[in-house]
>>> print(open('final_15.txt').read())   # compact mmCIF, C-alpha atoms
# COMPACT_ATOMS: atom_id res chain seq x y z
CA GLU Z 21 0.00 0.00 0.00
CA THR Z 22 1.31 3.44 -0.93
CA GLY Z 23 -0.96 5.58 1.26
CA VAL Z 24 -3.16 6.57 -1.67
CA THR Z 25 -6.58 4.97 -1.94
CA GLN Z 26 -9.06 5.08 -4.77
CA THR Z 27 -12.73 4.15 -4.93
CA PRO Z 28 -14.37 2.44 -6.62
CA ARG Z 29 -11.82 -0.01 -7.96
CA HIS Z 30 -14.05 -0.96 -10.87
CA LEU Z 31 -16.81 1.01 -12.53
CA VAL Z 32 -19.08 0.22 -15.45
CA MET Z 33 -21.21 3.07 -16.69
CA GLY Z 34 -23.38 3.92 -19.64
CA MET Z 35 -22.71 6.93 -21.78
CA THR Z 36 -25.54 8.90 -20.22
CA ASN Z 37 -24.61 8.20 -16.60
CA LYS Z 38 -22.96 10.51 -14.11
CA LYS Z 39 -20.44 9.05 -11.70
CA SER Z 40 -17.51 10.17 -9.59
CA LEU Z 41 -14.12 8.71 -8.81
CA LYS Z 42 -12.62 9.39 -5.42
CA CYS Z 43 -9.00 9.55 -4.32
CA GLU Z 44 -7.66 10.04 -0.82
CA GLN Z 45 -4.07 10.37 0.33
CA HIS Z 46 -2.91 9.82 3.90
CA LEU Z 47 0.63 11.11 3.38
CA GLY Z 48 0.33 14.82 4.06
CA HIS Z 49 1.26 15.66 0.50
CA ASN Z 50 0.58 19.01 -1.17
CA ALA Z 51 -0.08 17.92 -4.74
CA MET Z 52 -2.52 15.47 -6.26
CA TYR Z 53 -2.80 14.20 -9.83
CA TRP Z 54 -5.21 12.39 -12.13
CA TYR Z 55 -3.78 10.20 -14.91
CA LYS Z 56 -5.42 8.12 -17.60
CA GLN Z 57 -3.72 4.82 -18.42
CA SER Z 58 -4.71 3.11 -21.67
CA ALA Z 59 -3.10 -0.02 -23.10
CA LYS Z 60 0.05 0.62 -25.14
CA LYS Z 61 -0.13 4.36 -24.56
CA PRO Z 62 1.89 6.55 -22.22
CA LEU Z 63 0.24 7.63 -19.02
CA GLU Z 64 -1.67 10.79 -19.79
CA LEU Z 65 -1.58 13.50 -17.18
CA MET Z 66 -5.08 14.96 -16.89
CA PHE Z 67 -5.13 17.32 -13.94
CA VAL Z 68 -2.84 18.49 -11.16
CA TYR Z 69 -3.83 20.24 -7.97
CA SER Z 70 -1.42 21.93 -5.62
CA LEU Z 71 -2.81 23.02 -2.27
CA GLU Z 72 -6.30 22.67 -3.71
CA GLU Z 73 -5.58 24.94 -6.67
CA ARG Z 74 -5.58 23.48 -10.16
CA VAL Z 75 -2.16 24.02 -11.69
CA GLU Z 76 -2.29 21.76 -14.74
CA ASN Z 77 -5.10 20.97 -17.12
CA ASN Z 78 -3.97 19.07 -20.17
CA SER Z 79 -6.71 19.72 -22.73
CA VAL Z 80 -9.03 17.23 -21.14
CA PRO Z 81 -12.61 17.09 -22.48
CA SER Z 82 -15.15 18.87 -20.33
CA ARG Z 83 -16.96 15.61 -19.65
CA PHE Z 84 -14.22 15.10 -17.04
CA SER Z 85 -14.52 17.54 -14.16
CA PRO Z 86 -12.04 17.47 -11.26
CA GLU Z 87 -12.64 18.68 -7.75
CA CYS Z 88 -10.17 19.08 -4.90
CA PRO Z 89 -11.99 20.13 -1.71
CA ASN Z 90 -8.85 19.81 0.44
CA SER Z 91 -5.28 18.60 0.09
CA SER Z 92 -6.20 15.03 1.05
CA HIS Z 93 -9.09 14.42 -1.33
CA LEU Z 94 -9.46 14.52 -5.08
CA PHE Z 95 -12.49 13.69 -7.18
CA LEU Z 96 -13.06 13.15 -10.86
CA HIS Z 97 -16.65 13.71 -11.90
CA LEU Z 98 -17.71 11.91 -15.06
CA HIS Z 99 -20.68 12.62 -17.31
CA THR Z 100 -21.72 11.66 -20.84
CA LEU Z 101 -18.56 9.66 -21.40
CA GLN Z 102 -17.58 7.94 -24.62
CA PRO Z 103 -16.43 4.32 -25.06
CA GLU Z 104 -12.88 5.56 -25.76
CA ASP Z 105 -12.80 6.89 -22.21
CA SER Z 106 -12.60 3.32 -20.94
CA ALA Z 107 -9.24 3.04 -19.18
CA LEU Z 108 -7.51 2.76 -15.84
CA TYR Z 109 -7.66 6.07 -13.99
CA LEU Z 110 -4.80 6.59 -11.60
CA CYS Z 111 -4.56 9.07 -8.81
CA ALA Z 112 -1.19 10.12 -7.41
CA SER Z 113 0.17 12.51 -4.82
CA SER Z 114 3.54 14.09 -4.17
CA GLN Z 115 5.11 16.14 -1.47
CA ASP Z 116 6.50 19.12 -3.29
CA ARG Z 117 7.44 20.07 -6.83
CA ARG Z 118 10.64 21.94 -6.05
CA ASN Z 119 12.72 18.85 -5.45
CA HIS Z 120 10.57 16.54 -7.52
CA TYR Z 121 9.99 13.96 -4.88
CA GLU Z 122 8.43 10.76 -6.08
CA GLN Z 123 4.78 10.42 -6.87
CA TYR Z 124 2.78 7.91 -4.86
CA PHE Z 125 0.12 6.19 -6.91
CA GLY Z 126 -3.19 4.68 -5.96
CA PRO Z 127 -4.36 1.30 -7.27
CA GLY Z 128 -6.55 2.90 -9.92
CA THR Z 129 -10.17 2.71 -10.97
CA ARG Z 130 -10.85 0.47 -13.95
CA LEU Z 131 -13.55 2.32 -15.91
CA THR Z 132 -15.61 0.70 -18.62
CA VAL Z 133 -17.99 2.85 -20.65
CA THR Z 134 -20.69 0.90 -22.43
CA ALA G 12 7.57 19.31 -26.71
CA GLN G 13 9.17 16.79 -24.43
CA THR G 14 8.77 13.11 -25.24
CA VAL G 15 9.81 9.85 -23.63
CA THR G 16 10.37 6.73 -25.73
CA GLN G 17 10.62 3.15 -24.54
CA SER G 18 11.37 1.06 -27.61
CA GLN G 19 11.10 -2.35 -25.94
CA PRO G 20 7.46 -3.32 -25.39
CA GLU G 21 8.50 -6.56 -23.72
CA MET G 22 11.68 -8.07 -22.29
CA SER G 23 12.49 -11.41 -20.68
CA VAL G 24 15.27 -12.29 -18.26
CA GLN G 25 16.30 -15.47 -16.53
CA GLU G 26 16.13 -15.41 -12.76
CA ALA G 27 19.43 -14.23 -11.23
CA GLU G 28 20.54 -12.71 -14.53
CA THR G 29 20.92 -9.04 -15.47
CA VAL G 30 18.64 -7.10 -17.78
CA THR G 31 18.71 -3.55 -19.14
CA LEU G 32 15.63 -1.58 -20.07
CA SER G 33 16.04 1.31 -22.49
CA CYS G 34 14.61 4.80 -22.37
CA THR G 35 15.32 7.85 -24.49
CA TYR G 36 13.82 11.27 -24.12
CA ASP G 37 13.75 14.52 -25.95
CA THR G 38 13.94 17.91 -24.29
CA SER G 39 15.57 21.27 -24.78
CA GLU G 40 15.75 21.81 -21.03
CA SER G 41 18.91 21.33 -19.01
CA ASP G 42 17.43 20.98 -15.54
CA TYR G 43 15.08 18.07 -15.10
CA TYR G 44 14.48 14.78 -13.36
CA LEU G 45 14.16 11.26 -14.70
CA PHE G 46 12.40 8.36 -13.04
CA TRP G 47 11.79 4.67 -13.41
CA TYR G 48 8.50 3.41 -12.03
CA LYS G 49 7.42 -0.20 -11.61
CA GLN G 50 3.82 -1.39 -11.92
CA PRO G 51 3.41 -5.05 -10.85
CA PRO G 52 0.34 -6.88 -12.14
CA SER G 53 -2.79 -5.56 -10.41
CA ARG G 54 -0.69 -3.61 -7.93
CA GLN G 55 0.17 0.01 -7.39
CA MET G 56 2.88 1.79 -9.30
CA ILE G 57 5.96 2.52 -7.21
CA LEU G 58 9.15 4.47 -7.75
CA VAL G 59 12.22 2.38 -8.51
CA ILE G 60 14.85 5.04 -8.98
CA ARG G 61 15.24 8.78 -9.57
CA GLN G 62 17.97 10.75 -11.32
CA GLU G 63 18.61 14.48 -11.22
CA ALA G 64 19.93 15.74 -14.54
CA TYR G 65 22.55 18.01 -13.00
CA LYS G 66 24.13 15.08 -11.18
CA GLN G 67 26.60 13.22 -13.34
CA GLN G 68 26.79 10.24 -11.02
CA ASN G 69 24.38 7.47 -11.95
CA ALA G 70 21.75 6.68 -9.34
CA THR G 71 21.75 3.28 -7.67
CA GLU G 72 19.20 1.56 -5.44
CA ASN G 73 20.29 -1.90 -4.34
CA ARG G 74 19.96 -4.14 -7.43
CA PHE G 75 18.72 -1.29 -9.61
CA SER G 76 21.01 1.18 -11.32
CA VAL G 77 20.76 3.58 -14.20
CA ASN G 78 23.03 4.57 -17.06
CA PHE G 79 22.32 8.26 -17.56
CA GLN G 80 23.79 9.72 -20.74
CA LYS G 81 22.70 13.35 -20.79
CA ALA G 82 24.17 14.29 -24.14
CA ALA G 83 22.60 11.25 -25.77
CA LYS G 84 19.35 11.79 -23.83
CA SER G 85 19.39 8.19 -22.74
CA PHE G 86 18.32 6.78 -19.37
CA SER G 87 18.49 3.00 -19.15
CA LEU G 88 17.65 0.86 -16.13
CA LYS G 89 19.79 -2.12 -15.18
CA ILE G 90 18.36 -4.79 -12.93
CA SER G 91 20.94 -7.15 -11.47
CA ASP G 92 20.28 -10.56 -9.96
CA SER G 93 16.72 -10.52 -11.30
CA GLN G 94 14.04 -11.95 -9.05
CA LEU G 95 10.56 -13.25 -9.78
CA GLY G 96 9.15 -10.23 -7.96
CA ASP G 97 10.75 -7.94 -10.52
CA ALA G 98 8.18 -9.01 -13.11
CA ALA G 99 6.16 -5.89 -13.90
CA MET G 100 5.60 -3.04 -16.30
CA TYR G 101 8.40 -0.50 -16.07
CA PHE G 102 7.77 3.10 -17.00
CA CYS G 103 10.36 5.75 -17.69
CA ALA G 104 9.29 9.32 -16.85
CA TYR G 105 10.61 12.85 -17.24
CA SER G 106 9.81 16.03 -15.36
CA LYS G 107 11.20 19.49 -15.81
CA ARG G 108 12.35 21.15 -12.60
CA GLY G 109 9.79 23.50 -11.12
CA THR G 110 6.78 21.98 -12.82
CA TYR G 111 4.20 19.45 -11.84
CA LYS G 112 4.12 17.92 -15.30
CA TYR G 113 5.41 14.37 -15.66
CA ILE G 114 5.79 12.73 -19.06
CA PHE G 115 5.76 8.95 -19.20
CA GLY G 116 6.84 6.43 -21.80
CA THR G 117 4.66 3.57 -23.03
CA GLY G 118 6.28 1.06 -20.70
CA THR G 119 8.25 -2.16 -20.98
CA ARG G 120 6.78 -5.41 -19.71
CA LEU G 121 9.47 -7.43 -17.97
CA LYS G 122 9.05 -11.18 -17.59
CA VAL G 123 11.30 -13.08 -15.22
CA LEU G 124 11.78 -16.74 -16.07
CA ALA G 125 12.39 -19.28 -13.33
>>> encode(input="final_15.txt", output="structure tokens")
Amino acid sequence: ETGVTQTPRHLVMGMTNKKSLKCEQHLGHNAMYWYKQSAKKPLELMFVYSLEERVENNSVPSRFSPECPNSSHLFLHLHTLQPEDSALYLCASSQDRRNHYEQYFGPGTRLTVT
Amino acid sequence: AQTVTQSQPEMSVQEAETVTLSCTYDTSESDYYLFWYKQPPSRQMILVIRQEAYKQQNATENRFSVNFQKAAKSFSLKISDSQLGDAAMYFCAYSKRGTYKYIFGTGTRLKVLA
């Protein structure tokens, strides 16, 4: 266990559904990240929050909406997704960007859009 | 734009032998960090080793070491005395100093043969 938890671990949703992914870190870190992991593709950085402020947003479709209510919790709200959005969604946290400490990853949520 | 390339989709190594995983990257920056992450099957991704670009000495962590060639933009990972628990996907990653943005390669699946 890395100190980063994600729920649910598996999610199947239709294209018209609305769901949310949750991430929680117990490490006292300042930054939290959402990544999309698809087979045979590099991890795609989606969003980064530092001290609850969004600092990176990598041209992600608006059907993905992040929320960071405090430095320990991160959500990814999903609505009207497409089948190509099926992937493993990873959350990560890190201590500080200045010295580029390692990122701690959660186990991921396996999302299937039908 | 920065890119990270892992040209070996899959590698195999005999238990107790040594294997080297390749990674090349492209950047115009001089101050950055490089990482190798390991993702075991159905388990969380963890950091294996980290290299700071301004340090000429290659990083080492127990059986894991890197060959960092800054001019060639090459960052290979050597695993000595391979163990069955080393079987995993290995991702090479780059991050420019002072940013939260991490760029990952497509990964190399390492199989360890008993």
>>> interface_residues(input="final_15.txt", of="chain Z", to="chain G", cutoff="8 Å", atoms="all atoms listed in the file", output="list in words")
Glu21, Thr22, Lys60, Lys61, Pro62, Leu63, Glu64, Leu65, Val68, Val75, Glu76, Arg117, Arg118, Asn119, His120, Glu122, Gln123, Tyr124, Phe125, Gly126, Pro127 and Gly128 of chain Z
>>> axis_aligned_box(input="final_15.txt", around="region 68-87 of chain G", padding_each_side="6 Å", output="lines of an AutoDock Vina configuration file")
center_x = 22.6
center_y = 5.1
center_z = -15.1
size_x = 20.5
size_y = 30.4
size_z = 33.4
>>> closest_residue(input="final_15.txt", among="Z:Thr129, Z:Ser58, Z:Ser70, Z:Ser85", to="Cys111 (chain Z)", atoms="only C-alpha atoms")
Z:Thr129
>>> atom_distance(input="final_15.txt", atom1="CA of Lys89 (chain G)", atom2="CA of Ser76 (chain G)")
5.2 Å
>>> residues_around(input="final_15.txt", residues="region 40-56 of chain Z", least_positions_apart="2", cutoff="8 Å", atoms="all atoms listed in the file", output="VMD selection string")
chain Z and resid 23 to 28 38 58 63 to 72 91 to 98 107 to 116 126 129
>>> closest_residue(input="final_15.txt", among="G:Ser91, G:Tyr65, G:Ala27, G:Met22", to="Ser41 (chain G)", atoms="all atoms listed in the file")
G:Tyr65
>>> residues_around(input="final_15.txt", residues="Ser23 (chain G)", least_positions_apart="3", cutoff="8 Å", atoms="all atoms listed in the file", output="VMD selection string")
chain G and resid 121 to 124
>>> atom_distance(input="final_15.txt", atom1="CA of Ser33 (chain G)", atom2="CA of Asn78 (chain Z)")
26.9 Å
>>> atom_distance(input="final_15.txt", atom1="CA of Pro51 (chain G)", atom2="CA of Tyr101 (chain G)")
8.5 Å
>>> residues_around(input="final_15.txt", residues="region 85-87 of chain G", least_positions_apart="2", cutoff="7 Å", atoms="all atoms listed in the file", output="VMD selection string")
chain G and resid 31 to 36 77 to 81 83 89
>>> decode(input="final_15.txt", residues="region 16-43 of chain G", atoms="N, CA, C and O atoms", output="CSV table (one decimal), in the first residue's frame")
chain,number,residue,atom,x,y,z
G,16,THR,N,10.5,7.9,-24.9
G,16,THR,CA,10.4,6.7,-25.7
G,16,THR,C,11.0,5.5,-25.1
G,16,THR,O,12.1,5.5,-24.7
G,17,GLN,N,10.2,4.5,-25.0
G,17,GLN,CA,10.6,3.2,-24.5
G,17,GLN,C,10.4,2.2,-25.7
G,17,GLN,O,9.3,1.9,-26.1
G,18,SER,N,11.5,1.8,-26.3
G,18,SER,CA,11.4,1.1,-27.6
G,18,SER,C,11.2,-0.4,-27.4
G,18,SER,O,11.0,-1.2,-28.4
G,19,GLN,N,11.2,-0.9,-26.2
G,19,GLN,CA,11.1,-2.4,-25.9
G,19,GLN,C,9.8,-2.6,-25.3
G,19,GLN,O,9.6,-2.4,-24.1
G,20,PRO,N,8.8,-3.1,-26.0
G,20,PRO,CA,7.5,-3.3,-25.4
G,20,PRO,C,7.5,-4.4,-24.4
G,20,PRO,O,6.8,-4.4,-23.4
G,21,GLU,N,8.4,-5.4,-24.6
G,21,GLU,CA,8.5,-6.6,-23.7
G,21,GLU,C,9.9,-7.1,-23.7
G,21,GLU,O,10.6,-7.1,-24.7
G,22,MET,N,10.4,-7.5,-22.5
G,22,MET,CA,11.7,-8.1,-22.3
G,22,MET,C,11.5,-9.3,-21.4
G,22,MET,O,10.6,-9.3,-20.5
G,23,SER,N,12.5,-10.2,-21.6
G,23,SER,CA,12.5,-11.4,-20.7
G,23,SER,C,13.9,-11.6,-20.1
G,23,SER,O,14.9,-11.2,-20.8
G,24,VAL,N,14.0,-12.1,-18.9
G,24,VAL,CA,15.3,-12.3,-18.3
G,24,VAL,C,15.2,-13.6,-17.4
G,24,VAL,O,14.1,-13.8,-16.8
G,25,GLN,N,16.2,-14.3,-17.4
G,25,GLN,CA,16.3,-15.5,-16.5
G,25,GLN,C,16.5,-15.0,-15.1
G,25,GLN,O,17.3,-14.1,-14.8
G,26,GLU,N,15.9,-15.7,-14.2
G,26,GLU,CA,16.1,-15.4,-12.8
G,26,GLU,C,17.6,-15.4,-12.5
G,26,GLU,O,18.4,-16.3,-12.9
G,27,ALA,N,18.0,-14.4,-11.7
G,27,ALA,CA,19.4,-14.2,-11.2
G,27,ALA,C,20.3,-13.6,-12.3
G,27,ALA,O,21.5,-13.2,-12.0
G,28,GLU,N,19.8,-13.4,-13.5
G,28,GLU,CA,20.5,-12.7,-14.5
G,28,GLU,C,20.3,-11.2,-14.5
G,28,GLU,O,19.5,-10.7,-13.7
G,29,THR,N,21.0,-10.5,-15.4
G,29,THR,CA,20.9,-9.0,-15.5
G,29,THR,C,20.2,-8.6,-16.7
G,29,THR,O,20.3,-9.3,-17.8
G,30,VAL,N,19.4,-7.6,-16.6
G,30,VAL,CA,18.6,-7.1,-17.8
G,30,VAL,C,18.7,-5.6,-17.8
G,30,VAL,O,18.8,-4.9,-16.7
G,31,THR,N,18.7,-5.0,-19.0
G,31,THR,CA,18.7,-3.5,-19.1
G,31,THR,C,17.5,-3.1,-20.0
G,31,THR,O,17.3,-3.6,-21.1
G,32,LEU,N,16.8,-2.2,-19.4
G,32,LEU,CA,15.6,-1.6,-20.1
G,32,LEU,C,16.0,-0.2,-20.6
G,32,LEU,O,16.6,0.6,-19.9
G,33,SER,N,15.6,0.1,-21.8
G,33,SER,CA,16.0,1.3,-22.5
G,33,SER,C,15.0,2.4,-22.4
G,33,SER,O,13.8,2.1,-22.4
G,34,CYS,N,15.5,3.6,-22.4
G,34,CYS,CA,14.6,4.8,-22.4
G,34,CYS,C,15.4,6.0,-23.0
G,34,CYS,O,16.5,6.2,-22.7
G,35,THR,N,14.7,6.6,-23.9
G,35,THR,CA,15.3,7.8,-24.5
G,35,THR,C,14.3,8.9,-24.3
G,35,THR,O,13.1,8.7,-24.3
G,36,TYR,N,14.7,10.2,-24.3
G,36,TYR,CA,13.8,11.3,-24.1
G,36,TYR,C,14.3,12.4,-25.0
G,36,TYR,O,15.5,12.5,-25.4
G,37,ASP,N,13.4,13.3,-25.2
G,37,ASP,CA,13.7,14.5,-25.9
G,37,ASP,C,13.3,15.8,-25.2
G,37,ASP,O,12.1,15.9,-24.8
G,38,THR,N,14.2,16.7,-25.0
G,38,THR,CA,13.9,17.9,-24.3
G,38,THR,C,15.0,18.9,-24.6
G,38,THR,O,16.1,18.6,-24.9
G,39,SER,N,14.6,20.2,-24.6
G,39,SER,CA,15.6,21.3,-24.8
G,39,SER,C,16.0,21.9,-23.4
G,39,SER,O,16.8,22.8,-23.4
G,40,GLU,N,15.4,21.3,-22.4
G,40,GLU,CA,15.8,21.8,-21.0
G,40,GLU,C,17.1,21.2,-20.5
G,40,GLU,O,17.5,20.1,-21.0
G,41,SER,N,17.7,21.9,-19.6
G,41,SER,CA,18.9,21.3,-19.0
G,41,SER,C,18.7,20.9,-17.6
G,41,SER,O,19.6,20.1,-17.0
G,42,ASP,N,17.6,21.3,-16.9
G,42,ASP,CA,17.4,21.0,-15.5
G,42,ASP,C,16.1,20.2,-15.4
G,42,ASP,O,15.0,20.8,-15.5
G,43,TYR,N,16.3,18.9,-15.1
G,43,TYR,CA,15.1,18.1,-15.1
G,43,TYR,C,15.4,16.8,-14.3
G,43,TYR,O,16.5,16.6,-13.8
